[in-house]
$ cat coords.cif   # mmCIF, N, CA and C atoms
data_upload
loop_
_atom_site.label_atom_id
_atom_site.label_comp_id
_atom_site.auth_asym_id
_atom_site.auth_seq_id
_atom_site.Cartn_x
_atom_site.Cartn_y
_atom_site.Cartn_z
N MET A 1 41.85 130.51 55.08
CA MET A 1 41.19 131.78 55.31
C MET A 1 39.82 131.83 54.65
N ILE A 2 39.73 131.31 53.45
CA ILE A 2 38.46 131.30 52.72
C ILE A 2 37.46 130.39 53.45
N ILE A 3 37.91 129.28 53.97
CA ILE A 3 37.02 128.37 54.71
C ILE A 3 36.48 129.07 55.94
N PHE A 4 37.31 129.84 56.60
CA PHE A 4 36.89 130.59 57.78
C PHE A 4 35.81 131.61 57.41
N LEU A 5 35.99 132.34 56.32
CA LEU A 5 35.00 133.33 55.87
C LEU A 5 33.69 132.67 55.45
N ILE A 6 33.79 131.53 54.78
CA ILE A 6 32.59 130.79 54.36
C ILE A 6 31.86 130.28 55.60
N SER A 7 32.58 129.83 56.61
CA SER A 7 31.96 129.35 57.85
C SER A 7 31.23 130.48 58.56
N ILE A 8 31.87 131.63 58.65
CA ILE A 8 31.24 132.78 59.31
C ILE A 8 30.02 133.23 58.51
N ALA A 9 30.12 133.29 57.19
CA ALA A 9 28.99 133.69 56.35
C ALA A 9 27.83 132.70 56.50
N SER A 10 28.15 131.41 56.60
CA SER A 10 27.11 130.38 56.78
C SER A 10 26.39 130.54 58.12
N VAL A 11 27.18 130.78 59.16
CA VAL A 11 26.59 130.96 60.49
C VAL A 11 25.70 132.21 60.50
N LEU A 12 26.18 133.29 59.91
CA LEU A 12 25.38 134.51 59.84
C LEU A 12 24.11 134.30 59.03
N LEU A 13 24.19 133.58 57.92
CA LEU A 13 23.02 133.29 57.09
C LEU A 13 22.00 132.45 57.85
N ILE A 14 22.48 131.42 58.53
CA ILE A 14 21.57 130.56 59.30
C ILE A 14 20.93 131.34 60.44
N THR A 15 21.71 132.17 61.12
CA THR A 15 21.18 133.00 62.22
C THR A 15 20.14 133.97 61.69
N THR A 16 20.43 134.59 60.58
CA THR A 16 19.49 135.54 59.98
C THR A 16 18.19 134.84 59.58
N LEU A 17 18.31 133.69 58.95
CA LEU A 17 17.12 132.92 58.56
C LEU A 17 16.30 132.50 59.78
N TYR A 18 16.97 132.12 60.86
CA TYR A 18 16.27 131.75 62.08
C TYR A 18 15.48 132.93 62.64
N PHE A 19 16.11 134.10 62.69
CA PHE A 19 15.41 135.28 63.22
C PHE A 19 14.26 135.71 62.33
N ILE A 20 14.41 135.57 61.04
CA ILE A 20 13.29 135.87 60.13
C ILE A 20 12.14 134.90 60.38
N TYR A 21 12.45 133.63 60.55
CA TYR A 21 11.41 132.63 60.84
C TYR A 21 10.71 132.95 62.16
N ARG A 22 11.46 133.28 63.21
CA ARG A 22 10.86 133.60 64.51
C ARG A 22 9.97 134.84 64.42
N ALA A 23 10.40 135.85 63.68
CA ALA A 23 9.59 137.06 63.50
C ALA A 23 8.28 136.72 62.79
N TYR A 24 8.35 135.84 61.80
CA TYR A 24 7.15 135.42 61.07
C TYR A 24 6.19 134.68 62.00
N VAL A 25 6.71 133.77 62.81
CA VAL A 25 5.87 133.00 63.74
C VAL A 25 5.25 133.93 64.79
N LEU A 26 6.04 134.83 65.35
CA LEU A 26 5.52 135.75 66.36
C LEU A 26 4.48 136.70 65.79
N ALA A 27 4.64 137.10 64.54
CA ALA A 27 3.63 137.95 63.90
C ALA A 27 2.31 137.20 63.78
N GLY A 28 2.37 135.92 63.48
CA GLY A 28 1.16 135.10 63.41
C GLY A 28 0.50 134.94 64.76
N VAL A 29 1.30 134.74 65.79
CA VAL A 29 0.77 134.62 67.15
C VAL A 29 0.11 135.92 67.57
N LEU A 30 0.73 137.04 67.26
CA LEU A 30 0.17 138.34 67.60
C LEU A 30 -1.16 138.57 66.88
N ALA A 31 -1.22 138.19 65.62
CA ALA A 31 -2.46 138.34 64.86
C ALA A 31 -3.57 137.48 65.47
N ASP A 32 -3.23 136.26 65.89
CA ASP A 32 -4.22 135.39 66.53
C ASP A 32 -4.70 135.99 67.85
N ALA A 33 -3.79 136.57 68.61
CA ALA A 33 -4.16 137.17 69.89
C ALA A 33 -5.08 138.37 69.67
N GLU A 34 -4.81 139.17 68.66
CA GLU A 34 -5.67 140.32 68.37
C GLU A 34 -7.07 139.86 67.97
N GLU A 35 -7.14 138.79 67.19
CA GLU A 35 -8.44 138.25 66.77
C GLU A 35 -9.20 137.72 67.99
N TYR A 36 -8.51 137.05 68.89
CA TYR A 36 -9.13 136.53 70.10
C TYR A 36 -9.67 137.67 70.96
N ILE A 37 -8.88 138.73 71.11
CA ILE A 37 -9.32 139.88 71.91
C ILE A 37 -10.56 140.50 71.30
N LYS A 38 -10.62 140.62 69.98
CA LYS A 38 -11.79 141.17 69.31
C LYS A 38 -13.01 140.28 69.54
N ASP A 39 -12.81 138.96 69.46
CA ASP A 39 -13.92 138.04 69.71
C ASP A 39 -14.45 138.17 71.14
N VAL A 40 -13.54 138.31 72.11
CA VAL A 40 -13.95 138.47 73.50
C VAL A 40 -14.70 139.79 73.69
N GLU A 41 -14.22 140.85 73.06
CA GLU A 41 -14.92 142.14 73.15
C GLU A 41 -16.31 142.05 72.54
N ASP A 42 -16.43 141.37 71.39
CA ASP A 42 -17.73 141.21 70.76
C ASP A 42 -18.68 140.41 71.65
N LEU A 43 -18.17 139.35 72.26
CA LEU A 43 -18.98 138.54 73.16
C LEU A 43 -19.43 139.35 74.37
N SER A 44 -18.52 140.15 74.92
CA SER A 44 -18.86 140.97 76.07
C SER A 44 -19.94 141.99 75.71
N THR A 45 -19.83 142.60 74.54
CA THR A 45 -20.83 143.56 74.09
C THR A 45 -22.18 142.86 73.90
N TYR A 46 -22.16 141.68 73.31
CA TYR A 46 -23.39 140.91 73.11
C TYR A 46 -24.03 140.57 74.45
N MET A 47 -23.21 140.11 75.40
CA MET A 47 -23.74 139.75 76.72
C MET A 47 -24.32 140.97 77.41
N TYR A 48 -23.65 142.12 77.30
CA TYR A 48 -24.18 143.33 77.91
C TYR A 48 -25.53 143.69 77.33
N ARG A 49 -25.65 143.61 76.01
CA ARG A 49 -26.94 143.92 75.37
C ARG A 49 -28.04 142.96 75.82
N GLN A 50 -27.69 141.68 75.93
CA GLN A 50 -28.68 140.69 76.37
C GLN A 50 -29.11 140.96 77.81
N ILE A 51 -28.15 141.24 78.66
CA ILE A 51 -28.47 141.51 80.06
C ILE A 51 -29.30 142.78 80.17
N ASP A 52 -28.93 143.81 79.42
CA ASP A 52 -29.66 145.07 79.44
C ASP A 52 -31.08 144.88 78.95
N SER A 53 -31.26 144.14 77.87
CA SER A 53 -32.62 143.92 77.37
C SER A 53 -33.43 143.05 78.34
N SER A 54 -32.78 142.08 78.97
CA SER A 54 -33.46 141.25 79.97
C SER A 54 -33.89 142.10 81.16
N TYR A 55 -33.01 142.98 81.58
CA TYR A 55 -33.32 143.87 82.70
C TYR A 55 -34.52 144.76 82.37
N GLU A 56 -34.52 145.34 81.18
CA GLU A 56 -35.63 146.19 80.78
C GLU A 56 -36.93 145.39 80.65
N GLU A 57 -36.85 144.17 80.15
CA GLU A 57 -38.03 143.32 80.02
C GLU A 57 -38.57 142.92 81.40
N MET A 58 -37.67 142.62 82.33
CA MET A 58 -38.11 142.27 83.68
C MET A 58 -38.81 143.46 84.34
N LYS A 59 -38.26 144.66 84.15
CA LYS A 59 -38.90 145.85 84.70
C LYS A 59 -40.27 146.06 84.05
N ARG A 60 -40.36 145.82 82.75
CA ARG A 60 -41.63 146.02 82.04
C ARG A 60 -42.69 145.01 82.52
N VAL A 61 -42.29 143.76 82.69
CA VAL A 61 -43.23 142.73 83.11
C VAL A 61 -43.76 143.01 84.51
N ASP A 62 -42.89 143.51 85.38
CA ASP A 62 -43.29 143.71 86.77
C ASP A 62 -43.49 145.20 87.09
N HIS A 63 -43.91 145.98 86.12
CA HIS A 63 -44.05 147.41 86.35
C HIS A 63 -45.12 147.75 87.40
N LEU A 64 -46.08 146.88 87.59
CA LEU A 64 -47.11 147.12 88.61
C LEU A 64 -46.88 146.29 89.87
N GLY A 65 -45.80 145.53 89.90
CA GLY A 65 -45.55 144.67 91.05
C GLY A 65 -46.54 143.51 91.11
N ALA A 66 -46.91 143.01 89.94
CA ALA A 66 -47.93 141.97 89.85
C ALA A 66 -47.48 140.63 90.43
N PHE A 67 -46.19 140.39 90.42
CA PHE A 67 -45.70 139.13 90.95
C PHE A 67 -45.36 139.32 92.42
N HIS A 68 -46.12 138.67 93.26
CA HIS A 68 -45.90 138.79 94.70
C HIS A 68 -45.01 137.64 95.16
N GLU A 69 -44.20 137.91 96.16
CA GLU A 69 -43.25 136.90 96.61
C GLU A 69 -43.90 135.84 97.52
N ASP A 70 -45.18 135.91 97.72
CA ASP A 70 -45.81 134.95 98.61
C ASP A 70 -46.18 133.64 97.91
N ASP A 71 -46.05 133.56 96.60
CA ASP A 71 -46.28 132.30 95.92
C ASP A 71 -45.00 131.86 95.19
N GLU A 72 -45.03 130.65 94.66
CA GLU A 72 -43.82 130.07 94.06
C GLU A 72 -43.37 130.84 92.82
N SER A 73 -44.29 131.22 91.96
CA SER A 73 -43.89 131.94 90.74
C SER A 73 -43.35 133.33 91.09
N GLY A 74 -43.92 133.96 92.10
CA GLY A 74 -43.44 135.27 92.51
C GLY A 74 -42.04 135.20 93.11
N THR A 75 -41.78 134.16 93.89
CA THR A 75 -40.44 133.98 94.46
C THR A 75 -39.42 133.73 93.37
N THR A 76 -39.77 132.88 92.41
CA THR A 76 -38.87 132.61 91.29
C THR A 76 -38.62 133.87 90.48
N PHE A 77 -39.69 134.62 90.23
CA PHE A 77 -39.56 135.87 89.48
C PHE A 77 -38.64 136.85 90.22
N ALA A 78 -38.81 136.94 91.52
CA ALA A 78 -37.99 137.86 92.33
C ALA A 78 -36.52 137.44 92.29
N MET A 79 -36.27 136.14 92.37
CA MET A 79 -34.89 135.66 92.32
C MET A 79 -34.26 135.96 90.96
N LEU A 80 -35.01 135.71 89.89
CA LEU A 80 -34.50 136.00 88.55
C LEU A 80 -34.26 137.50 88.38
N LYS A 81 -35.17 138.29 88.89
CA LYS A 81 -35.02 139.74 88.78
C LYS A 81 -33.78 140.21 89.55
N ASP A 82 -33.53 139.64 90.72
CA ASP A 82 -32.34 139.99 91.49
C ASP A 82 -31.06 139.66 90.73
N VAL A 83 -31.03 138.48 90.12
CA VAL A 83 -29.85 138.07 89.36
C VAL A 83 -29.61 139.01 88.18
N VAL A 84 -30.67 139.32 87.46
CA VAL A 84 -30.54 140.20 86.30
C VAL A 84 -30.12 141.60 86.74
N GLU A 85 -30.66 142.08 87.85
CA GLU A 85 -30.28 143.41 88.35
C GLU A 85 -28.81 143.44 88.76
N LYS A 86 -28.32 142.37 89.40
CA LYS A 86 -26.91 142.30 89.79
C LYS A 86 -26.01 142.31 88.56
N LEU A 87 -26.39 141.51 87.57
CA LEU A 87 -25.61 141.48 86.33
C LEU A 87 -25.63 142.85 85.64
N HIS A 88 -26.79 143.48 85.64
CA HIS A 88 -26.91 144.79 85.01
C HIS A 88 -26.02 145.81 85.71
N LYS A 89 -26.02 145.79 87.03
CA LYS A 89 -25.15 146.72 87.78
C LYS A 89 -23.68 146.42 87.52
N GLU A 90 -23.32 145.15 87.50
CA GLU A 90 -21.93 144.77 87.28
C GLU A 90 -21.45 145.21 85.90
N PHE A 91 -22.25 144.94 84.87
CA PHE A 91 -21.84 145.32 83.53
C PHE A 91 -21.84 146.83 83.36
N ASN A 92 -22.74 147.53 84.01
CA ASN A 92 -22.75 149.00 83.94
C ASN A 92 -21.49 149.56 84.61
N ALA A 93 -21.07 148.96 85.71
CA ALA A 93 -19.85 149.41 86.40
C ALA A 93 -18.63 149.21 85.50
N GLU A 94 -18.56 148.06 84.84
CA GLU A 94 -17.43 147.79 83.95
C GLU A 94 -17.46 148.74 82.76
N LYS A 95 -18.64 149.03 82.25
CA LYS A 95 -18.74 149.93 81.11
C LYS A 95 -18.31 151.34 81.50
N LYS A 96 -18.67 151.79 82.71
CA LYS A 96 -18.27 153.11 83.17
C LYS A 96 -16.77 153.19 83.37
N GLU A 97 -16.16 152.10 83.87
CA GLU A 97 -14.71 152.07 84.07
C GLU A 97 -13.98 152.16 82.73
N ALA A 98 -14.55 151.53 81.70
CA ALA A 98 -13.92 151.51 80.39
C ALA A 98 -13.98 152.89 79.73
N GLU A 99 -14.96 153.69 80.07
CA GLU A 99 -15.13 155.00 79.44
C GLU A 99 -14.18 156.01 79.94
#
$ encode --input "coords.cif" --output "structure tokens"
Amino acid sequence: MIIFLISIASVLLITTLYFIYRAYVLAGVLADAEEYIKDVEDLSTYMYRQIDSSYEEMKRVDHLGAFHEDDESGTTFAMLKDVVEKLHKEFNAEKKEAE
């Protein structure tokens, strides 16, 4: 009878220790995931600021329409401006959805 009780106590102790270990590991994984999410949010905020400042700078540079699309530099400028405007609209849409 005593051997039976010791066996059951051993199994319960091992099971308990296993669950404590799993809880510890999962808590670490959760902490890593939270840190990753924060890093991604910080990167997204940084990218939004960069795109926004690029958009404002492009508008400032071409405020008089000085770059005409009939030459190579004007075409390149127009293409870059289009890309920045698309990114600006996309990030503004995501920011509005988040609010």
$ atom_distance --input "coords.cif" --atom1 "atom CA of Lys81 of chain A" --atom2 "atom CA of Met47 of chain A"
16.5 Å
$ closest_residue --input "coords.cif" --among "A:His88, A:Val83, A:Ala27, A:Ala9" --to "Arg49 of chain A" --atoms "only C-alpha atoms"
A:His88
$ atom_distance --input "coords.cif" --atom1 "atom CA of His63 of chain A" --atom2 "atom CA of Ile51 of chain A"
17.8 Å
$ atom_distance --input "coords.cif" --atom1 "atom CA of Phe91 of chain A" --atom2 "atom CA of Tyr48 of chain A"
6.4 Å
$ residues_around --input "coords.cif" --residues "Tyr55 of chain A" --least-positions-apart "4" --cutoff "6.5 Å" --atoms "only N, CA and C atoms" --output "PyMOL selection string"
chain A and resi 50-51+59-60+84-85
$ closest_residue --input "coords.cif" --among "A:Lys86, A:Thr76, A:Ile2, A:Ser10" --to "Asp52 of chain A" --atoms "only C-alpha atoms"
A:Lys86
